[in-house]
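Encoded as structure tokens, the structure appears first; notes follow it.
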There are 2 protein chains.
Amino acid sequence: MTETQIPDIVVSRLPIYLRALTRLQQEGQHITSSGELGRRLGISSAQIRKDLSHFGEFGKQGTGYQIEFLIKQLRQILKVDHEWSVALVGAGDLGSALARYNGFRNRGFRIELIFDNDPAKIGRELSGYIVQDAALLGTLIPQRGIRLAMIAVPAEAAQFVADELVKAGIKGILSYAPININVPEGVQVQYIDPVVHLQRMTFYC
Amino acid sequence: MTETQIPDIVVSRLPIYLRALTRLQQEGQHITSSGELGRRLGISSAQIRKDLSHFGEFGKQGTGYQIEFLIKQLRQILKVDHEWSVALVGAGDLGSALARYNGFRNRGFRIELIFDNDPAKIGRELSGYIVQDAALLGTLIPQRGIRLAMIAVPAEAAQFVADELVKAGIKGILSYAPININVPEGVQVQYIDPVVHLQRMTFYC
DNA sequence: TAGATTGTTAATCGATTAACAATC
DNA sequence: TAGATTGTTAATCGATTAACAATC
């Protein structure tokens, strides 16, 4: 209907739908239904249909959804129908693992700049790129017009790094540091902290 | 009041509170308020008080919360007042980074078993432990009574590994594989997929 | 005491679900 | 056609927030 604000919680589920659809496609399927998708994800079929209805009509009554078509639509909605360059700050164990991870490419992202402030790491090759001096972050990021970054530095450095990234024009930060980061309005932050997930499970154990 | 079911969404916030409180403590603070905590986390003070009220009364009117005391209480609630042993399956780049990560220890977890099915990796030392043959998973995990596991294997292997883990008695799985996993009732699963987080941000870019 | 902040209630807000006409 | 499944509405359910008495 009218172009209304999409609830965050709806947006947050779209990548999950996209992932499951891609999986179905890999398994050779061409068509699916909200029922099947819901069963796979542990989500009600009504919720899936409701979520999608915020963006348009993508299915056919009686049939379901053309997987290829729905994937294309979701990619467009999430803006991952083209590749995003990502800057990575921190080339330690975790940063290196991220740099080498080849699951980014086919899902819309490419790590294109890697920074560290350790002289022993600067200048080294990592997954096809040279580790850059973190001091150059403010120059190189705007130069390449990069708008997404991942932070894989110790908690103590995370807020400082985030501030520098924001100054450099970064609009979205995925932080692996186990700490809350403050950013100005208009900058997105997402967190990954394995301990938080583990603690969510021990409660139920 | 009466011992009622705690909403999942409340439980999911407790580790965040615990993390922020620990941070405040590290900064040398002894007392805080729902207002201060909320400001740090971008959460309303009412929500924090409401969440905590599910478990008891931990504050003092006019004063706020004794940080040390509240940390102790939250640790107890989340059952991380003692250390949990964790099994790790997959000793690739990501698995190795997880094995070496020293942020688990002081927050209630210790990786105590590491598995891989690559003969080149089995028998190797990793972060003080010997990488075990994944085929021994069903023996070693019950032997040690381990109930939590992390999966850092390719998507194709994740469901199989999860099945084996469940058979071995695992009750909580933290999966890094970009795929949905099906487990029986009573087994917890949490997911970490950086691409999902990145895609949640590009929508707003 | 005066000021601050808790714990809790009730009101509001928003998300999920059930149900079904439309239709492939 | 008969069967299946969509998109959407309305009802339900649950979570968040505003407000305030209690009290430190």
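Labels for the structure tokens follow display order: chains A, B, ..., residues from 1 in each chain, ligands from 1.
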
Using DSSP on the backbone, list every residue of segment 10-130 of chain B that comes out as alpha helix (DSSP H), and give them as a compact mmCIF listing (two decimals) with all heavy atoms, in the first residue's frame.
# COMPACT_ATOMS: atom_id res chain seq x y z
N VAL B 10 13.32 -11.47 27.32
CA VAL B 10 13.92 -10.97 28.56
C VAL B 10 15.25 -11.68 28.83
O VAL B 10 16.28 -11.05 29.07
CB VAL B 10 12.96 -11.16 29.76
CG1 VAL B 10 13.66 -10.84 31.07
CG2 VAL B 10 11.72 -10.30 29.59
N VAL B 11 15.24 -12.99 28.73
CA VAL B 11 16.44 -13.78 28.93
C VAL B 11 17.55 -13.34 27.97
O VAL B 11 18.71 -13.21 28.35
CB VAL B 11 16.16 -15.29 28.72
CG1 VAL B 11 17.45 -16.10 28.80
CG2 VAL B 11 15.15 -15.78 29.74
N SER B 12 17.14 -13.05 26.74
CA SER B 12 18.14 -12.70 25.73
C SER B 12 18.84 -11.38 26.04
O SER B 12 19.93 -11.13 25.54
CB SER B 12 17.51 -12.65 24.35
OG SER B 12 16.82 -11.44 24.16
N ARG B 13 18.21 -10.55 26.86
CA ARG B 13 18.85 -9.28 27.20
C ARG B 13 19.77 -9.38 28.41
O ARG B 13 20.65 -8.53 28.60
CB ARG B 13 17.79 -8.20 27.44
CG ARG B 13 17.23 -7.58 26.17
CD ARG B 13 16.39 -6.37 26.48
NE ARG B 13 15.17 -6.72 27.17
CZ ARG B 13 13.97 -6.82 26.58
NH1 ARG B 13 13.84 -6.58 25.29
NH2 ARG B 13 12.90 -7.13 27.29
N LEU B 14 19.59 -10.39 29.23
CA LEU B 14 20.38 -10.48 30.46
C LEU B 14 21.89 -10.52 30.20
O LEU B 14 22.65 -9.83 30.89
CB LEU B 14 19.95 -11.71 31.28
CG LEU B 14 18.49 -11.71 31.77
CD1 LEU B 14 18.25 -12.93 32.65
CD2 LEU B 14 18.14 -10.44 32.53
N PRO B 15 22.35 -11.30 29.20
CA PRO B 15 23.80 -11.29 28.95
C PRO B 15 24.32 -9.91 28.55
O PRO B 15 25.47 -9.57 28.84
CB PRO B 15 23.97 -12.28 27.79
CG PRO B 15 22.79 -13.18 27.89
CD PRO B 15 21.66 -12.30 28.37
N ILE B 16 23.46 -9.13 27.91
CA ILE B 16 23.86 -7.77 27.53
C ILE B 16 24.01 -6.90 28.78
O ILE B 16 24.95 -6.12 28.90
CB ILE B 16 22.80 -7.15 26.59
CG1 ILE B 16 22.50 -8.08 25.41
CG2 ILE B 16 23.21 -5.77 26.13
CD1 ILE B 16 23.59 -8.18 24.40
N TYR B 17 23.07 -7.05 29.68
CA TYR B 17 23.17 -6.31 30.95
C TYR B 17 24.43 -6.71 31.69
O TYR B 17 25.18 -5.86 32.19
CB TYR B 17 21.95 -6.59 31.84
CG TYR B 17 20.62 -6.16 31.26
CD1 TYR B 17 19.43 -6.65 31.78
CD2 TYR B 17 20.55 -5.25 30.20
CE1 TYR B 17 18.20 -6.26 31.25
CE2 TYR B 17 19.33 -4.87 29.67
CZ TYR B 17 18.16 -5.38 30.20
OH TYR B 17 16.94 -5.01 29.69
N LEU B 18 24.65 -8.02 31.74
CA LEU B 18 25.81 -8.53 32.47
C LEU B 18 27.11 -7.99 31.88
O LEU B 18 28.00 -7.56 32.61
CB LEU B 18 25.80 -10.07 32.42
CG LEU B 18 26.99 -10.79 33.06
CD1 LEU B 18 27.19 -10.36 34.51
CD2 LEU B 18 26.80 -12.31 32.98
N ARG B 19 27.16 -7.96 30.57
CA ARG B 19 28.35 -7.46 29.90
C ARG B 19 28.59 -5.99 30.21
O ARG B 19 29.70 -5.56 30.51
CB ARG B 19 28.18 -7.67 28.38
CG ARG B 19 29.44 -7.52 27.58
CD ARG B 19 29.20 -7.87 26.13
NE ARG B 19 28.29 -6.92 25.48
CZ ARG B 19 27.93 -6.98 24.20
NH1 ARG B 19 28.39 -7.95 23.43
NH2 ARG B 19 27.10 -6.09 23.69
N ALA B 20 27.52 -5.21 30.17
CA ALA B 20 27.65 -3.77 30.42
C ALA B 20 28.03 -3.51 31.88
O ALA B 20 28.83 -2.62 32.17
CB ALA B 20 26.34 -3.06 30.08
N LEU B 21 27.46 -4.30 32.78
CA LEU B 21 27.78 -4.13 34.21
C LEU B 21 29.24 -4.46 34.48
O LEU B 21 29.92 -3.76 35.23
CB LEU B 21 26.87 -5.03 35.05
CG LEU B 21 25.42 -4.58 35.16
CD1 LEU B 21 24.53 -5.72 35.64
CD2 LEU B 21 25.30 -3.37 36.09
N THR B 22 29.73 -5.53 33.85
CA THR B 22 31.12 -5.90 34.00
C THR B 22 32.03 -4.79 33.51
O THR B 22 33.05 -4.46 34.11
CB THR B 22 31.41 -7.20 33.23
OG1 THR B 22 30.43 -8.18 33.59
CG2 THR B 22 32.79 -7.73 33.54
N ARG B 23 31.61 -4.19 32.41
CA ARG B 23 32.36 -3.07 31.86
C ARG B 23 32.41 -1.90 32.85
O ARG B 23 33.46 -1.32 33.11
CB ARG B 23 31.68 -2.61 30.57
CG ARG B 23 32.45 -1.58 29.79
CD ARG B 23 33.46 -2.21 28.89
NE ARG B 23 34.49 -1.27 28.48
CZ ARG B 23 35.72 -1.62 28.15
NH1 ARG B 23 36.09 -2.88 28.21
NH2 ARG B 23 36.60 -0.72 27.79
N LEU B 24 31.25 -1.56 33.40
CA LEU B 24 31.19 -0.47 34.38
C LEU B 24 32.10 -0.77 35.57
O LEU B 24 32.81 0.11 36.06
CB LEU B 24 29.74 -0.30 34.88
CG LEU B 24 28.80 0.49 33.97
CD1 LEU B 24 27.35 0.32 34.40
CD2 LEU B 24 29.18 1.97 33.96
N GLN B 25 32.08 -2.02 35.99
CA GLN B 25 32.92 -2.42 37.12
C GLN B 25 34.40 -2.25 36.78
O GLN B 25 35.17 -1.72 37.57
CB GLN B 25 32.64 -3.88 37.46
CG GLN B 25 33.23 -4.32 38.78
CD GLN B 25 32.89 -5.77 39.10
OE1 GLN B 25 33.02 -6.66 38.24
NE2 GLN B 25 32.43 -6.02 40.30
N GLN B 26 34.76 -2.65 35.56
CA GLN B 26 36.15 -2.47 35.11
C GLN B 26 36.55 -1.00 35.11
O GLN B 26 37.70 -0.66 35.32
CB GLN B 26 36.33 -3.03 33.71
CG GLN B 26 36.50 -4.55 33.66
CD GLN B 26 36.35 -5.07 32.24
OE1 GLN B 26 36.13 -4.31 31.29
NE2 GLN B 26 36.46 -6.38 32.08
N SER B 34 19.23 2.10 36.65
CA SER B 34 18.60 1.65 35.41
C SER B 34 18.71 2.73 34.34
O SER B 34 18.80 2.43 33.15
CB SER B 34 17.14 1.26 35.65
OG SER B 34 16.41 2.37 36.13
N GLY B 35 18.72 3.98 34.78
CA GLY B 35 18.85 5.09 33.84
C GLY B 35 20.20 5.10 33.15
O GLY B 35 20.28 5.18 31.92
N GLU B 36 21.25 4.97 33.95
CA GLU B 36 22.60 4.99 33.38
C GLU B 36 22.81 3.80 32.44
O GLU B 36 23.29 3.94 31.32
CB GLU B 36 23.64 4.96 34.50
CG GLU B 36 25.07 5.00 33.98
CD GLU B 36 26.10 4.98 35.11
OE1 GLU B 36 25.97 4.16 36.05
OE2 GLU B 36 27.03 5.79 35.04
N LEU B 37 22.42 2.64 32.92
CA LEU B 37 22.59 1.42 32.13
C LEU B 37 21.82 1.55 30.81
O LEU B 37 22.33 1.20 29.74
CB LEU B 37 22.07 0.22 32.95
CG LEU B 37 22.62 -1.16 32.64
CD1 LEU B 37 24.14 -1.16 32.64
CD2 LEU B 37 22.08 -2.16 33.65
N GLY B 38 20.59 2.04 30.92
CA GLY B 38 19.77 2.20 29.73
C GLY B 38 20.39 3.14 28.72
O GLY B 38 20.39 2.87 27.52
N ARG B 39 20.94 4.23 29.21
CA ARG B 39 21.57 5.20 28.31
C ARG B 39 22.72 4.53 27.57
O ARG B 39 22.87 4.69 26.36
CB ARG B 39 22.08 6.40 29.11
CG ARG B 39 21.57 7.74 28.59
CD ARG B 39 21.91 8.86 29.55
NE ARG B 39 21.24 8.71 30.84
CZ ARG B 39 21.86 8.60 32.02
NH1 ARG B 39 23.18 8.62 32.09
NH2 ARG B 39 21.15 8.47 33.13
N ARG B 40 23.50 3.77 28.26
CA ARG B 40 24.64 3.07 27.63
C ARG B 40 24.19 2.08 26.55
O ARG B 40 24.87 1.90 25.55
CB ARG B 40 25.39 2.25 28.68
CG ARG B 40 26.15 3.10 29.64
CD ARG B 40 27.55 2.54 29.74
NE ARG B 40 28.39 3.36 30.59
CZ ARG B 40 29.68 3.16 30.75
NH1 ARG B 40 30.26 2.14 30.14
NH2 ARG B 40 30.40 3.93 31.50
N LEU B 41 23.09 1.43 26.83
CA LEU B 41 22.67 0.33 25.95
C LEU B 41 21.62 0.73 24.92
O LEU B 41 21.26 -0.05 24.05
CB LEU B 41 22.12 -0.83 26.79
CG LEU B 41 23.11 -1.51 27.73
CD1 LEU B 41 22.42 -2.54 28.60
CD2 LEU B 41 24.24 -2.16 26.93
N SER B 45 14.97 2.79 30.69
CA SER B 45 15.23 2.38 32.07
C SER B 45 14.09 1.51 32.58
O SER B 45 14.31 0.57 33.36
CB SER B 45 15.40 3.60 32.96
OG SER B 45 14.20 4.35 33.01
N ALA B 46 12.88 1.80 32.13
CA ALA B 46 11.72 1.00 32.57
C ALA B 46 11.88 -0.45 32.14
O ALA B 46 11.55 -1.37 32.89
CB ALA B 46 10.44 1.59 31.98
N GLN B 47 12.39 -0.64 30.94
CA GLN B 47 12.55 -2.01 30.45
C GLN B 47 13.56 -2.78 31.30
O GLN B 47 13.35 -3.94 31.63
CB GLN B 47 13.02 -1.99 29.00
CG GLN B 47 13.28 -3.38 28.47
CD GLN B 47 13.15 -3.44 26.97
OE1 GLN B 47 14.11 -3.27 26.26
NE2 GLN B 47 11.96 -3.68 26.51
N ILE B 48 14.63 -2.14 31.64
CA ILE B 48 15.65 -2.80 32.46
C ILE B 48 15.06 -3.19 33.82
O ILE B 48 15.21 -4.32 34.28
CB ILE B 48 16.88 -1.89 32.62
CG1 ILE B 48 17.58 -1.75 31.27
CG2 ILE B 48 17.82 -2.44 33.68
CD1 ILE B 48 18.73 -0.78 31.25
N ARG B 49 14.35 -2.26 34.43
CA ARG B 49 13.75 -2.58 35.74
C ARG B 49 12.72 -3.70 35.61
O ARG B 49 12.67 -4.60 36.44
CB ARG B 49 13.10 -1.32 36.34
CG ARG B 49 14.11 -0.23 36.69
CD ARG B 49 13.52 0.78 37.66
NE ARG B 49 12.32 1.44 37.15
CZ ARG B 49 12.32 2.47 36.32
NH1 ARG B 49 13.47 2.98 35.89
NH2 ARG B 49 11.20 3.03 35.92
N LYS B 50 11.92 -3.61 34.56
CA LYS B 50 10.92 -4.66 34.33
C LYS B 50 11.58 -6.02 34.14
O LYS B 50 11.15 -7.02 34.72
CB LYS B 50 10.08 -4.30 33.10
CG LYS B 50 8.85 -5.17 32.90
CD LYS B 50 7.66 -4.58 33.60
CE LYS B 50 6.62 -5.60 34.01
NZ LYS B 50 5.85 -6.11 32.86
N ASP B 51 12.59 -6.05 33.31
CA ASP B 51 13.29 -7.31 33.05
C ASP B 51 13.82 -7.91 34.35
O ASP B 51 13.62 -9.08 34.64
CB ASP B 51 14.47 -7.07 32.08
CG ASP B 51 14.01 -6.89 30.64
OD1 ASP B 51 12.81 -7.09 30.36
OD2 ASP B 51 14.85 -6.54 29.79
N LEU B 52 14.49 -7.08 35.13
CA LEU B 52 15.09 -7.58 36.37
C LEU B 52 14.03 -8.04 37.35
O LEU B 52 14.23 -8.98 38.12
CB LEU B 52 15.97 -6.49 37.01
CG LEU B 52 17.22 -6.09 36.21
CD1 LEU B 52 17.96 -4.96 36.90
CD2 LEU B 52 18.14 -7.29 36.00
N SER B 53 12.88 -7.37 37.31
CA SER B 53 11.82 -7.67 38.28
C SER B 53 11.28 -9.10 38.12
O SER B 53 10.62 -9.61 39.03
CB SER B 53 10.67 -6.67 38.16
OG SER B 53 9.88 -6.97 37.03
N ILE B 67 26.72 -2.69 41.75
CA ILE B 67 27.15 -3.40 40.53
C ILE B 67 27.63 -4.81 40.83
O ILE B 67 27.21 -5.78 40.19
CB ILE B 67 28.24 -2.59 39.79
CG1 ILE B 67 27.62 -1.30 39.22
CG2 ILE B 67 28.86 -3.41 38.67
CD1 ILE B 67 28.60 -0.38 38.53
N GLU B 68 28.50 -4.92 41.82
CA GLU B 68 29.05 -6.24 42.15
C GLU B 68 27.95 -7.24 42.49
O GLU B 68 27.96 -8.38 42.02
CB GLU B 68 30.02 -6.11 43.33
CG GLU B 68 30.88 -7.34 43.52
CD GLU B 68 31.75 -7.24 44.78
OE1 GLU B 68 32.03 -6.10 45.22
OE2 GLU B 68 32.12 -8.29 45.33
N PHE B 69 26.98 -6.77 43.26
CA PHE B 69 25.88 -7.64 43.68
C PHE B 69 25.03 -8.06 42.48
O PHE B 69 24.69 -9.23 42.31
CB PHE B 69 25.02 -6.92 44.72
CG PHE B 69 23.79 -7.67 45.12
CD1 PHE B 69 23.87 -8.79 45.93
CD2 PHE B 69 22.54 -7.26 44.66
CE1 PHE B 69 22.73 -9.49 46.30
CE2 PHE B 69 21.39 -7.96 45.01
CZ PHE B 69 21.49 -9.07 45.84
N LEU B 70 24.72 -7.08 41.63
CA LEU B 70 23.86 -7.39 40.47
C LEU B 70 24.56 -8.34 39.50
O LEU B 70 23.94 -9.25 38.94
CB LEU B 70 23.45 -6.09 39.77
CG LEU B 70 22.41 -6.23 38.66
CD1 LEU B 70 21.20 -7.02 39.11
CD2 LEU B 70 21.97 -4.84 38.16
N ILE B 71 25.86 -8.14 39.33
CA ILE B 71 26.64 -9.07 38.49
C ILE B 71 26.54 -10.48 39.03
O ILE B 71 26.26 -11.43 38.29
CB ILE B 71 28.12 -8.62 38.41
CG1 ILE B 71 28.26 -7.38 37.53
CG2 ILE B 71 29.01 -9.76 37.88
CD1 ILE B 71 29.67 -6.82 37.45
N LYS B 72 26.73 -10.60 40.34
CA LYS B 72 26.66 -11.92 40.96
C LYS B 72 25.28 -12.56 40.75
O LYS B 72 25.16 -13.74 40.41
CB LYS B 72 26.95 -11.79 42.46
CG LYS B 72 27.29 -13.11 43.12
CD LYS B 72 27.64 -12.93 44.61
CE LYS B 72 29.13 -12.69 44.84
NZ LYS B 72 29.47 -12.61 46.28
N GLN B 73 24.24 -11.76 40.91
CA GLN B 73 22.89 -12.27 40.72
C GLN B 73 22.65 -12.71 39.28
O GLN B 73 22.11 -13.77 39.02
CB GLN B 73 21.87 -11.18 41.09
CG GLN B 73 21.87 -10.81 42.57
CD GLN B 73 21.49 -11.98 43.45
OE1 GLN B 73 20.50 -12.66 43.21
NE2 GLN B 73 22.30 -12.25 44.47
N LEU B 74 23.07 -11.87 38.32
CA LEU B 74 22.86 -12.21 36.92
C LEU B 74 23.64 -13.47 36.53
O LEU B 74 23.14 -14.32 35.78
CB LEU B 74 23.26 -11.04 36.02
CG LEU B 74 22.27 -9.86 35.98
CD1 LEU B 74 22.83 -8.70 35.18
CD2 LEU B 74 20.93 -10.31 35.37
N ARG B 75 24.84 -13.58 37.06
CA ARG B 75 25.63 -14.79 36.79
C ARG B 75 24.89 -16.03 37.29
O ARG B 75 24.89 -17.06 36.63
CB ARG B 75 26.99 -14.69 37.50
CG ARG B 75 27.94 -13.73 36.82
CD ARG B 75 29.37 -14.28 36.83
NE ARG B 75 30.28 -13.37 36.15
CZ ARG B 75 31.15 -12.57 36.77
NH1 ARG B 75 31.24 -12.59 38.09
NH2 ARG B 75 31.94 -11.78 36.07
N GLN B 76 24.28 -15.87 38.44
CA GLN B 76 23.55 -17.00 39.02
C GLN B 76 22.33 -17.34 38.15
O GLN B 76 22.08 -18.51 37.84
CB GLN B 76 23.07 -16.62 40.42
CG GLN B 76 23.22 -17.71 41.44
CD GLN B 76 23.15 -17.14 42.85
OE1 GLN B 76 22.06 -16.83 43.34
NE2 GLN B 76 24.29 -16.96 43.48
N ILE B 77 21.60 -16.32 37.78
CA ILE B 77 20.40 -16.52 36.96
C ILE B 77 20.76 -17.21 35.63
O ILE B 77 20.10 -18.15 35.21
CB ILE B 77 19.71 -15.16 36.69
CG1 ILE B 77 19.12 -14.60 37.99
CG2 ILE B 77 18.63 -15.31 35.62
CD1 ILE B 77 18.75 -13.13 37.90
N ASP B 93 39.99 -22.13 9.93
CA ASP B 93 40.36 -20.76 10.30
C ASP B 93 39.51 -20.27 11.46
O ASP B 93 40.02 -19.77 12.46
CB ASP B 93 40.14 -19.82 9.10
CG ASP B 93 41.26 -19.94 8.10
OD1 ASP B 93 42.42 -20.09 8.51
OD2 ASP B 93 40.97 -19.87 6.89
N LEU B 94 38.20 -20.40 11.30
CA LEU B 94 37.29 -19.90 12.33
C LEU B 94 37.42 -20.68 13.63
O LEU B 94 37.55 -20.11 14.71
CB LEU B 94 35.85 -19.96 11.82
CG LEU B 94 34.80 -19.52 12.84
CD1 LEU B 94 35.05 -18.08 13.29
CD2 LEU B 94 33.41 -19.70 12.28
N GLY B 95 37.42 -22.01 13.51
CA GLY B 95 37.55 -22.85 14.69
C GLY B 95 38.83 -22.52 15.45
O GLY B 95 38.82 -22.43 16.69
N SER B 96 39.92 -22.35 14.73
CA SER B 96 41.19 -22.03 15.38
C SER B 96 41.11 -20.69 16.10
O SER B 96 41.59 -20.54 17.23
CB SER B 96 42.32 -21.98 14.35
OG SER B 96 42.44 -23.23 13.70
N ALA B 97 40.48 -19.73 15.45
CA ALA B 97 40.34 -18.41 16.07
C ALA B 97 39.52 -18.53 17.36
O ALA B 97 39.86 -17.93 18.39
CB ALA B 97 39.68 -17.43 15.10
N LEU B 98 38.46 -19.33 17.31
CA LEU B 98 37.64 -19.53 18.51
C LEU B 98 38.45 -20.23 19.61
O LEU B 98 38.38 -19.85 20.78
CB LEU B 98 36.40 -20.36 18.17
CG LEU B 98 35.33 -19.64 17.35
CD1 LEU B 98 34.27 -20.62 16.86
CD2 LEU B 98 34.68 -18.52 18.16
N ALA B 99 39.22 -21.24 19.21
CA ALA B 99 40.01 -21.98 20.19
C ALA B 99 41.01 -21.07 20.89
O ALA B 99 41.28 -21.21 22.08
CB ALA B 99 40.74 -23.13 19.50
N ARG B 100 41.54 -20.11 20.16
CA ARG B 100 42.57 -19.23 20.72
C ARG B 100 41.98 -18.01 21.45
O ARG B 100 42.68 -17.33 22.19
CB ARG B 100 43.47 -18.71 19.59
CG ARG B 100 44.33 -19.80 18.98
CD ARG B 100 45.50 -19.21 18.23
NE ARG B 100 46.10 -20.24 17.37
CZ ARG B 100 45.80 -20.38 16.08
NH1 ARG B 100 44.97 -19.57 15.48
NH2 ARG B 100 46.38 -21.35 15.38

message: Distance limit 9 Å, atoms considered: only C-alpha atoms (C1' of nucleotides). Which chain D residues sit that close to chain A? Return them as a PyMOL selection string.
response: chain D and resi 3-8

Please save all heavy atoms of the selected residues as a compact mmCIF listing (two decimals), in the first residue's frame.
# COMPACT_ATOMS: atom_id res chain seq x y z
P DG D 3 -10.92 -32.03 -3.27
OP1 DG D 3 -10.59 -33.35 -2.69
OP2 DG D 3 -11.90 -31.13 -2.63
O5' DG D 3 -9.54 -31.25 -3.46
C5' DG D 3 -8.53 -31.78 -4.32
C4' DG D 3 -7.26 -30.98 -4.13
O4' DG D 3 -7.41 -29.69 -4.78
C3' DG D 3 -6.94 -30.69 -2.67
O3' DG D 3 -5.54 -30.83 -2.48
C2' DG D 3 -7.40 -29.25 -2.47
C1' DG D 3 -7.15 -28.65 -3.85
N9 DG D 3 -8.00 -27.53 -4.19
C8 DG D 3 -9.30 -27.31 -3.80
N7 DG D 3 -9.80 -26.20 -4.28
C5 DG D 3 -8.76 -25.65 -5.02
C6 DG D 3 -8.70 -24.44 -5.76
O6 DG D 3 -9.59 -23.60 -5.93
N1 DG D 3 -7.46 -24.26 -6.35
C2 DG D 3 -6.41 -25.14 -6.25
N2 DG D 3 -5.30 -24.81 -6.89
N3 DG D 3 -6.45 -26.26 -5.56
C4 DG D 3 -7.65 -26.45 -4.97
P DA D 4 -4.86 -30.47 -1.09
OP1 DA D 4 -3.89 -31.54 -0.79
OP2 DA D 4 -5.91 -30.09 -0.12
O5' DA D 4 -4.05 -29.15 -1.47
C5' DA D 4 -3.30 -29.09 -2.68
C4' DA D 4 -2.76 -27.69 -2.81
O4' DA D 4 -3.86 -26.81 -3.18
C3' DA D 4 -2.17 -27.13 -1.52
O3' DA D 4 -0.87 -26.65 -1.81
C2' DA D 4 -3.12 -26.02 -1.09
C1' DA D 4 -3.79 -25.63 -2.40
N9 DA D 4 -5.16 -25.13 -2.24
C8 DA D 4 -6.15 -25.68 -1.49
N7 DA D 4 -7.30 -25.02 -1.56
C5 DA D 4 -7.02 -23.97 -2.43
C6 DA D 4 -7.81 -22.91 -2.92
N6 DA D 4 -9.09 -22.72 -2.60
N1 DA D 4 -7.22 -22.04 -3.77
C2 DA D 4 -5.93 -22.22 -4.10
N3 DA D 4 -5.09 -23.18 -3.71
C4 DA D 4 -5.70 -24.03 -2.86
P DT D 5 0.12 -26.19 -0.67
OP1 DT D 5 1.45 -26.60 -1.09
OP2 DT D 5 -0.43 -26.57 0.64
O5' DT D 5 0.01 -24.61 -0.80
C5' DT D 5 0.34 -23.99 -2.02
C4' DT D 5 -0.08 -22.55 -1.91
O4' DT D 5 -1.53 -22.47 -1.94
C3' DT D 5 0.35 -21.86 -0.61
O3' DT D 5 0.98 -20.65 -0.92
C2' DT D 5 -0.93 -21.65 0.13
C1' DT D 5 -1.90 -21.45 -1.05
N1 DT D 5 -3.32 -21.58 -0.69
C2 DT D 5 -4.22 -20.70 -1.24
O2 DT D 5 -3.89 -19.84 -2.04
N3 DT D 5 -5.51 -20.85 -0.84
C4 DT D 5 -6.00 -21.79 0.06
O4 DT D 5 -7.19 -21.82 0.34
C5 DT D 5 -5.01 -22.69 0.60
C7 DT D 5 -5.43 -23.73 1.60
C6 DT D 5 -3.73 -22.54 0.21
P DT D 6 1.77 -19.81 0.18
OP1 DT D 6 3.20 -20.07 -0.05
OP2 DT D 6 1.20 -19.99 1.51
O5' DT D 6 1.42 -18.35 -0.35
C5' DT D 6 1.52 -18.06 -1.73
C4' DT D 6 0.44 -17.07 -2.11
O4' DT D 6 -0.84 -17.64 -1.74
C3' DT D 6 0.55 -15.73 -1.39
O3' DT D 6 0.85 -14.71 -2.33
C2' DT D 6 -0.81 -15.51 -0.73
C1' DT D 6 -1.68 -16.63 -1.25
N1 DT D 6 -2.57 -17.25 -0.24
C2 DT D 6 -3.91 -16.93 -0.25
O2 DT D 6 -4.40 -16.14 -1.05
N3 DT D 6 -4.66 -17.57 0.71
C4 DT D 6 -4.23 -18.48 1.65
O4 DT D 6 -5.01 -18.99 2.44
C5 DT D 6 -2.82 -18.76 1.61
C7 DT D 6 -2.25 -19.72 2.60
C6 DT D 6 -2.06 -18.15 0.69
P DG D 7 1.62 -13.40 -1.83
OP1 DG D 7 2.20 -12.74 -3.01
OP2 DG D 7 2.46 -13.75 -0.67
O5' DG D 7 0.39 -12.54 -1.29
C5' DG D 7 -0.50 -11.96 -2.23
C4' DG D 7 -1.63 -11.29 -1.48
O4' DG D 7 -2.31 -12.28 -0.66
C3' DG D 7 -1.20 -10.17 -0.52
O3' DG D 7 -2.13 -9.11 -0.71
C2' DG D 7 -1.29 -10.82 0.86
C1' DG D 7 -2.43 -11.80 0.67
N9 DG D 7 -2.41 -12.97 1.54
C8 DG D 7 -1.32 -13.73 1.91
N7 DG D 7 -1.62 -14.73 2.69
C5 DG D 7 -3.00 -14.65 2.85
C6 DG D 7 -3.91 -15.46 3.58
O6 DG D 7 -3.65 -16.46 4.26
N1 DG D 7 -5.22 -15.02 3.47
C2 DG D 7 -5.62 -13.94 2.73
N2 DG D 7 -6.92 -13.66 2.74
N3 DG D 7 -4.79 -13.15 2.05
C4 DG D 7 -3.49 -13.57 2.14
P DT D 8 -2.05 -7.81 0.18
OP1 DT D 8 -2.55 -6.69 -0.64
OP2 DT D 8 -0.75 -7.72 0.87
O5' DT D 8 -3.17 -8.15 1.27
C5' DT D 8 -4.50 -8.34 0.83
C4' DT D 8 -5.40 -8.43 2.04
O4' DT D 8 -5.20 -9.71 2.70
C3' DT D 8 -5.12 -7.37 3.11
O3' DT D 8 -6.36 -6.95 3.64
C2' DT D 8 -4.33 -8.11 4.16
C1' DT D 8 -4.99 -9.48 4.07
N1 DT D 8 -4.21 -10.61 4.62
C2 DT D 8 -4.90 -11.66 5.19
O2 DT D 8 -6.11 -11.69 5.27
N3 DT D 8 -4.11 -12.67 5.70
C4 DT D 8 -2.72 -12.72 5.67
O4 DT D 8 -2.13 -13.69 6.15
C5 DT D 8 -2.07 -11.59 5.05
C7 DT D 8 -0.56 -11.55 4.98
C6 DT D 8 -2.83 -10.61 4.56

Skipping near chain neighbours, those fewer than 4 positions away, what residues fall within 10 Å of DA19 of chain C using only C-alpha atoms (C1' of nucleotides), listed as a PDB file with C-alpha atoms (C1' of nucleotides), in the first residue's frame?
ATOM      1  C1'  DT D   9      -8.133  -8.489   7.818  1.00  0.00           C
ATOM      2  C1'  DA D  10      -9.391  -8.684  12.469  1.00  0.00           C
ATOM      3  C1'  DA D  11      -8.532 -10.792  16.864  1.00  0.00           C
TER       4       DA D  11
END
